[in-house]
Amino acid sequence: MRDFENRIAKVFRHRRRWARRVSLTAFRVYDRDIPGHRCAVDWYDGHAVVTSYPSSHPGKKIPDASPGAIQRSVARALEIEESKVFVKVRVPRSRGRQQYQRLDERGVVAVVEENGLRLVANLSDFNDTGLFLDHRETRARLREEASGRSFLNLFCYTGSFTLAAAAGGASSTTSVDLSKSYLEWARDNLAKNALDGPEHEMIRADVLRWLRQNRDRRYELAVLDPPSFSVSKKMTTDLRIDRDHPRLIADTLALLSPAGILYFSTNYRGFELDEARIEQTAREIGVAKPASIEETTPGSIPPDFRDKGVHRCFRVIAGGR
Ligand SMILES: C[S@@+](CC[C@H](N)C(=O)[O-])C[C@H]1O[C@@H](n2cnc3c(N)ncnc32)[C@H](O)[C@@H]1O
């Protein structure tokens with residue numbers, strides 16, 4: 001544990017100075033840097049959130065550190081109270097349904113700052129805090145491109161992309177998600193930045209169905225950041241991003257103006273973008289094939305993330321009609 005603590009303390013000193021310079025109060029401090037310590041440690045303005053990835057080899061010689069031991073070490077390394085360190089143990093994928101379920105009820109929140117914007121992070125209650133730090137650069141890029149554009153945010157979660165677009169001067173935003181509580185959180189994030197005007201619309205719907213029922217809408221900029229897997233009683237079909245991304249991308253392109261920009265992102269490890277099937281599906285549903293598709297990762301992964309495969313992101317330009 002000594003190596004682990006020393007590493008965190010050393011990186012934190014440097015990174016905190018960097019973060020102050022760029023006005024960030026939430027950033028990654030440790031990213032599975034040492035092979036025996038498989039976790040990520042994120043700083044949220046005086047608190048730490050640790051995501052621990054248990055070893056998949058139960059027979060190995062060195063057992064994983066207990067959540068309590070990790071909590072004590074991280075607290076010492078960052079010089080904060082143990083009660084300010086939140087340890088989440090990540091279970092393997094495809095129990096995807098559980099990913100967004102509540103773990104706790106304490107409701108410990110931090111309002112963090114990014115690029116001059118205030119965002120609410122919940123440190124205690126869910127696997128994820130409500131702010132995906134690995135999308136920070138994409139939010140900044142989106143903000144620069146948003147001025148005067150209509151923006152669509154699919155699977156909007158807590159609305160951090162919506163907030164970036166609104167702050168960048170988007171003419172309107174539409175945010176779609178199945179979850180009532182995440183939509184309320186998204187609205188709260190806008191309100192915290194005095195950006196909760198009527199031009200920012202929140203819609204509770206299954207994205208797959210909504211896209212097909214709203215073909216007459218048009219947007220100039222969009223983000224599509226689906227979960228890798230999704231199953232819900234409110235959905236007509238389940239979602240598996242490796243299988244379903246061509247249809248989802250084609251259905252989104254159907255709502256974009258010519259030369260509209262779509263950011264498509266996924267955290268699915270081993271993801272392969274199927275360009276041929278995107279073109280084929282677009283043809284089948286009567287939509288122009290994309291004018292271009294450019295991958296923005298790994299360049300768009302923030303410097304505090306050592307894992308350059310944390311997500312993959314593509315910038316797709318809609319074709320003409
Ligand atoms: C932003 S996505 C996941 C992002 C991240 N890339 C990941 O893999 O964890 C999570 C959001 O998708 C929403 N969601 C899941 N299935 C949905 C569906 N069929 N329609 C609308 N929203 C959905 C959830 O409510 C949640 O807010």
# chains A, B, ... in the order shown; residues from 1 in each chain; ligands from 1
>>> select_by_dssp(residues="segment 80-134 of chain A", states="strand (DSSP E)", output="ChimeraX atom specification")
/A:85-89,109-114,117-122
>>> write_last_selection(atoms="N, CA and C atoms", output="compact mmCIF listing (two decimals), in the first residue's frame")
# COMPACT_ATOMS: atom_id res chain seq x y z
N VAL A 85 -13.74 10.03 1.47
CA VAL A 85 -13.31 9.12 0.40
C VAL A 85 -14.43 8.10 0.17
N PHE A 86 -14.90 7.99 -1.06
CA PHE A 86 -16.01 7.10 -1.40
C PHE A 86 -15.49 6.01 -2.32
N VAL A 87 -15.57 4.78 -1.84
CA VAL A 87 -15.03 3.66 -2.63
C VAL A 87 -16.18 2.89 -3.28
N LYS A 88 -16.12 2.72 -4.58
CA LYS A 88 -17.14 1.95 -5.32
C LYS A 88 -16.45 0.74 -5.94
N VAL A 89 -16.99 -0.42 -5.72
CA VAL A 89 -16.40 -1.62 -6.32
C VAL A 89 -17.18 -1.92 -7.60
N VAL A 109 -23.03 15.51 -2.02
CA VAL A 109 -22.75 16.11 -3.34
C VAL A 109 -21.60 17.12 -3.23
N ALA A 110 -20.94 17.32 -4.36
CA ALA A 110 -19.97 18.40 -4.49
C ALA A 110 -20.34 19.17 -5.74
N VAL A 111 -20.29 20.49 -5.66
CA VAL A 111 -20.51 21.28 -6.88
C VAL A 111 -19.13 21.64 -7.40
N VAL A 112 -18.76 21.04 -8.54
CA VAL A 112 -17.39 21.22 -9.03
C VAL A 112 -17.38 22.21 -10.20
N GLU A 113 -16.19 22.66 -10.53
CA GLU A 113 -16.06 23.67 -11.58
C GLU A 113 -15.26 23.12 -12.74
N GLU A 114 -15.75 23.41 -13.95
CA GLU A 114 -15.02 23.00 -15.16
C GLU A 114 -15.23 24.09 -16.19
N LEU A 117 -17.85 26.53 -15.54
CA LEU A 117 -19.21 26.05 -15.31
C LEU A 117 -19.28 25.25 -14.02
N ARG A 118 -20.46 25.28 -13.37
CA ARG A 118 -20.65 24.55 -12.11
C ARG A 118 -21.49 23.30 -12.38
N LEU A 119 -21.00 22.17 -11.89
CA LEU A 119 -21.70 20.90 -12.13
C LEU A 119 -21.86 20.14 -10.82
N VAL A 120 -23.04 19.55 -10.64
CA VAL A 120 -23.31 18.81 -9.41
C VAL A 120 -22.85 17.37 -9.57
N ALA A 121 -21.97 16.94 -8.65
CA ALA A 121 -21.54 15.53 -8.64
C ALA A 121 -22.07 14.89 -7.36
N ASN A 122 -22.64 13.71 -7.49
CA ASN A 122 -23.10 12.96 -6.32
C ASN A 122 -22.03 11.91 -6.01
>>> closest_atom_pairs(of="chain A", to="ligand 1", cutoff="8 Å", atoms="only C-alpha atoms and all ligand atoms", output="CSV")
residue,atom,partner,partner_atom_place_in_ligand_line,distance
A:Gln99,CA,ligand 1,9 (O),7.7
A:Tyr100,CA,ligand 1,26 (C),6.9
A:Asp128,CA,ligand 1,9 (O),7.9
A:Phe132,CA,ligand 1,5 (C),7.7
A:Leu154,CA,ligand 1,21 (C),7.1
A:Phe155,CA,ligand 1,12 (O),4.2
A:Cys156,CA,ligand 1,1 (C),5.6
A:Tyr157,CA,ligand 1,27 (O),3.3
A:Thr158,CA,ligand 1,27 (O),6.7
A:Val176,CA,ligand 1,21 (C),6.2
A:Asp177,CA,ligand 1,22 (N),3.7
A:Leu178,CA,ligand 1,22 (N),4.0
A:Ser179,CA,ligand 1,25 (O),4.5
A:Tyr182,CA,ligand 1,27 (O),5.8
A:Leu183,CA,ligand 1,27 (O),7.9
A:Arg204,CA,ligand 1,21 (C),7.4
A:Ala205,CA,ligand 1,21 (C),5.7
A:Asp206,CA,ligand 1,20 (N),3.5
A:Val207,CA,ligand 1,20 (N),4.0
A:Leu208,CA,ligand 1,19 (N),6.0
A:Asp225,CA,ligand 1,1 (C),5.2
A:Pro226,CA,ligand 1,2 (S),4.6
A:Pro227,CA,ligand 1,3 (C),3.8
A:Ser228,CA,ligand 1,8 (O),5.1
A:Phe229,CA,ligand 1,16 (N),7.7
A:Ser230,CA,ligand 1,16 (N),4.9
A:Val231,CA,ligand 1,16 (N),6.8
A:Ser232,CA,ligand 1,16 (N),7.2
A:Lys234,CA,ligand 1,19 (N),7.9
A:Met235,CA,ligand 1,19 (N),5.9
A:Asp238,CA,ligand 1,19 (N),7.6
A:Leu239,CA,ligand 1,19 (N),7.0
A:Ser265,CA,ligand 1,6 (N),6.7
A:Thr266,CA,ligand 1,6 (N),5.2
A:Asn267,CA,ligand 1,8 (O),5.0
A:Tyr268,CA,ligand 1,8 (O),6.8
A:His311,CA,ligand 1,6 (N),7.6
>>> residues_around(residues="segment 286-292 of chain A", least_positions_apart="4", cutoff="9 Å", atoms="only C-alpha atoms", output="VMD selection string")
chain A and resid 250 to 251 253 to 254 258 to 259 278 to 282 315 to 321
>>> select_by_dssp(residues="segment 47-262 of chain A", states="helix (DSSP H, G or I)", output="PyMOL selection string")
chain A and resi 67-78+82-84+96-100+133-145+160-167+180-192+207-213+241-253
>>> residues_around(residues="Ser257 of chain A", least_positions_apart="3", cutoff="7 Å", atoms="only C-alpha atoms", output="VMD selection string")
chain A and resid 218 to 220 260
>>> write_last_selection(atoms="N, CA and C atoms", output="mmCIF file, in the first residue's frame")
data_model
loop_
_atom_site.group_PDB
_atom_site.id
_atom_site.type_symbol
_atom_site.label_atom_id
_atom_site.label_comp_id
_atom_site.auth_asym_id
_atom_site.auth_seq_id
_atom_site.Cartn_x
_atom_site.Cartn_y
_atom_site.Cartn_z
ATOM 1 N N ARG A 218 -35.072 18.951 -36.745
ATOM 2 C CA ARG A 218 -33.741 19.159 -37.343
ATOM 3 C C ARG A 218 -32.801 19.820 -36.338
ATOM 4 N N TYR A 219 -31.584 19.287 -36.275
ATOM 5 C CA TYR A 219 -30.547 19.822 -35.380
ATOM 6 C C TYR A 219 -29.259 20.013 -36.175
ATOM 7 N N GLU A 220 -28.431 20.939 -35.672
ATOM 8 C CA GLU A 220 -27.148 21.206 -36.358
ATOM 9 C C GLU A 220 -25.963 20.590 -35.640
ATOM 10 N N GLY A 260 -24.485 18.869 -40.576
ATOM 11 C CA GLY A 260 -24.615 18.856 -39.109
ATOM 12 C C GLY A 260 -23.538 17.959 -38.500
#
>>> atom_distance(atom1="atom CA of His135 of chain A", atom2="atom CA of Pro302 of chain A")
7.6 Å
>>> residues_around(residues="Ser73 of chain A", least_positions_apart="6", cutoff="8 Å", atoms="only C-alpha atoms", output="MDAnalysis selection string")
chainID A and resid 1 4:5
>>> write_last_selection(atoms="C-alpha atoms", output="PDB file, in the first residue's frame")
ATOM      1  CA  MET A   1       0.000   0.000   0.000  1.00  0.00           C
ATOM      2  CA  PHE A   4       0.118   3.249  -3.891  1.00  0.00           C
ATOM      3  CA  GLU A   5      -0.063   6.055  -1.334  1.00  0.00           C
TER       4      GLU A   5
END
>>> residues_around(residues="Pro303 of chain A", least_positions_apart="2", cutoff="10 Å", atoms="only C-alpha atoms", output="PyMOL selection string")
chain A and resi 15+27-28+134+137+299-301+305-308
>>> atom_distance(atom1="atom CA of Glu145 of chain A", atom2="atom CA of Phe264 of chain A")
15.3 Å
>>> residues_around(residues="Gly107 of chain A", least_positions_apart="4", cutoff="8 Å", atoms="only C-alpha atoms", output="list in words")
Asn122, Leu123, Ser124 and Asp125 of chain A
>>> decode(residues="segment 260-298 of chain A", atoms="N, CA and C atoms", output="tab-separated table (two decimals), in the first residue's frame")
chain	number	residue	atom	x	y	z
A	260	GLY	N	-24.48	18.87	-40.58
A	260	GLY	CA	-24.61	18.86	-39.11
A	260	GLY	C	-23.54	17.96	-38.50
A	261	ILE	N	-23.19	18.26	-37.25
A	261	ILE	CA	-22.09	17.53	-36.60
A	261	ILE	C	-22.65	16.61	-35.52
A	262	LEU	N	-22.21	15.35	-35.53
A	262	LEU	CA	-22.61	14.40	-34.49
A	262	LEU	C	-21.36	13.85	-33.80
A	263	TYR	N	-21.34	13.96	-32.47
A	263	TYR	CA	-20.32	13.26	-31.69
A	263	TYR	C	-20.93	11.97	-31.18
A	264	PHE	N	-20.34	10.86	-31.58
A	264	PHE	CA	-20.79	9.56	-31.09
A	264	PHE	C	-19.70	8.98	-30.20
A	265	SER	N	-20.07	8.61	-28.98
A	265	SER	CA	-19.05	8.11	-28.05
A	265	SER	C	-19.51	6.82	-27.40
A	266	THR	N	-18.56	5.95	-27.10
A	266	THR	CA	-18.89	4.72	-26.38
A	266	THR	C	-17.76	4.32	-25.45
A	267	ASN	N	-18.15	3.72	-24.32
A	267	ASN	CA	-17.16	3.20	-23.36
A	267	ASN	C	-16.97	1.70	-23.55
A	268	TYR	N	-17.60	1.14	-24.54
A	268	TYR	CA	-17.55	-0.31	-24.73
A	268	TYR	C	-16.15	-0.73	-25.19
A	269	ARG	N	-15.50	-1.54	-24.35
A	269	ARG	CA	-14.13	-1.98	-24.66
A	269	ARG	C	-14.17	-2.92	-25.87
A	270	GLY	N	-13.26	-2.70	-26.78
A	270	GLY	CA	-13.20	-3.57	-27.96
A	270	GLY	C	-14.19	-3.14	-29.03
A	271	PHE	N	-14.73	-1.94	-28.88
A	271	PHE	CA	-15.71	-1.45	-29.86
A	271	PHE	C	-15.08	-1.29	-31.26
A	272	GLU	N	-15.82	-1.71	-32.28
A	272	GLU	CA	-15.40	-1.48	-33.67
A	272	GLU	C	-16.53	-0.74	-34.39
A	273	LEU	N	-16.23	0.42	-34.93
A	273	LEU	CA	-17.25	1.17	-35.67
A	273	LEU	C	-17.47	0.48	-37.02
A	274	ASP	N	-18.72	0.18	-37.33
A	274	ASP	CA	-19.02	-0.52	-38.57
A	274	ASP	C	-19.52	0.49	-39.61
A	275	GLU	N	-18.57	1.11	-40.32
A	275	GLU	CA	-18.93	2.18	-41.26
A	275	GLU	C	-19.80	1.66	-42.40
A	276	ALA	N	-19.49	0.45	-42.86
A	276	ALA	CA	-20.26	-0.10	-43.99
A	276	ALA	C	-21.73	-0.25	-43.59
A	277	ARG	N	-21.95	-0.74	-42.36
A	277	ARG	CA	-23.35	-0.92	-41.93
A	277	ARG	C	-24.04	0.41	-41.62
A	278	ILE	N	-23.26	1.40	-41.21
A	278	ILE	CA	-23.87	2.73	-41.01
A	278	ILE	C	-24.39	3.25	-42.35
A	279	GLU	N	-23.55	3.13	-43.39
A	279	GLU	CA	-23.95	3.61	-44.73
A	279	GLU	C	-25.14	2.84	-45.26
A	280	GLN	N	-25.08	1.52	-45.05
A	280	GLN	CA	-26.17	0.67	-45.55
A	280	GLN	C	-27.49	1.00	-44.84
A	281	THR	N	-27.40	1.17	-43.52
A	281	THR	CA	-28.63	1.46	-42.76
A	281	THR	C	-29.16	2.84	-43.14
A	282	ALA	N	-28.24	3.79	-43.33
A	282	ALA	CA	-28.68	5.13	-43.74
A	282	ALA	C	-29.45	5.03	-45.06
A	283	ARG	N	-28.88	4.26	-45.99
A	283	ARG	CA	-29.55	4.08	-47.29
A	283	ARG	C	-30.94	3.48	-47.11
A	284	GLU	N	-31.01	2.46	-46.27
A	284	GLU	CA	-32.29	1.75	-46.07
A	284	GLU	C	-33.38	2.66	-45.49
A	285	ILE	N	-32.96	3.61	-44.65
A	285	ILE	CA	-34.00	4.47	-44.05
A	285	ILE	C	-34.12	5.81	-44.79
A	286	GLY	N	-33.43	5.91	-45.94
A	286	GLY	CA	-33.58	7.09	-46.79
A	286	GLY	C	-32.83	8.31	-46.29
A	287	VAL	N	-31.67	8.09	-45.66
A	287	VAL	CA	-30.86	9.21	-45.15
A	287	VAL	C	-29.53	9.21	-45.90
A	288	ALA	N	-29.01	10.43	-46.17
A	288	ALA	CA	-27.72	10.50	-46.88
A	288	ALA	C	-26.63	9.87	-46.02
A	289	LYS	N	-25.67	9.21	-46.66
A	289	LYS	CA	-24.56	8.62	-45.88
A	289	LYS	C	-23.71	9.76	-45.32
A	290	PRO	N	-22.99	9.51	-44.22
A	290	PRO	CA	-22.20	10.59	-43.62
A	290	PRO	C	-21.19	11.16	-44.62
A	291	ALA	N	-20.98	12.47	-44.57
A	291	ALA	CA	-19.97	13.09	-45.44
A	291	ALA	C	-18.58	12.69	-44.97
A	292	SER	N	-18.41	12.53	-43.65
A	292	SER	CA	-17.12	12.07	-43.14
A	292	SER	C	-17.30	11.52	-41.73
A	293	ILE	N	-16.37	10.64	-41.35
A	293	ILE	CA	-16.32	10.14	-39.97
A	293	ILE	C	-14.86	10.19	-39.55
A	294	GLU	N	-14.63	10.90	-38.44
A	294	GLU	CA	-13.25	11.05	-37.97
A	294	GLU	C	-13.22	10.66	-36.50
A	295	GLU	N	-12.28	9.82	-36.12
A	295	GLU	CA	-12.19	9.46	-34.70
A	295	GLU	C	-11.44	10.57	-33.96
A	296	THR	N	-11.98	11.02	-32.83
A	296	THR	CA	-11.30	12.11	-32.09
A	296	THR	C	-10.42	11.55	-30.98
A	297	THR	N	-10.63	10.28	-30.61
A	297	THR	CA	-9.77	9.65	-29.61
A	297	THR	C	-8.57	9.01	-30.30
A	298	PRO	N	-7.44	8.88	-29.63
A	298	PRO	CA	-7.20	9.22	-28.23
A	298	PRO	C	-6.87	10.69	-27.97
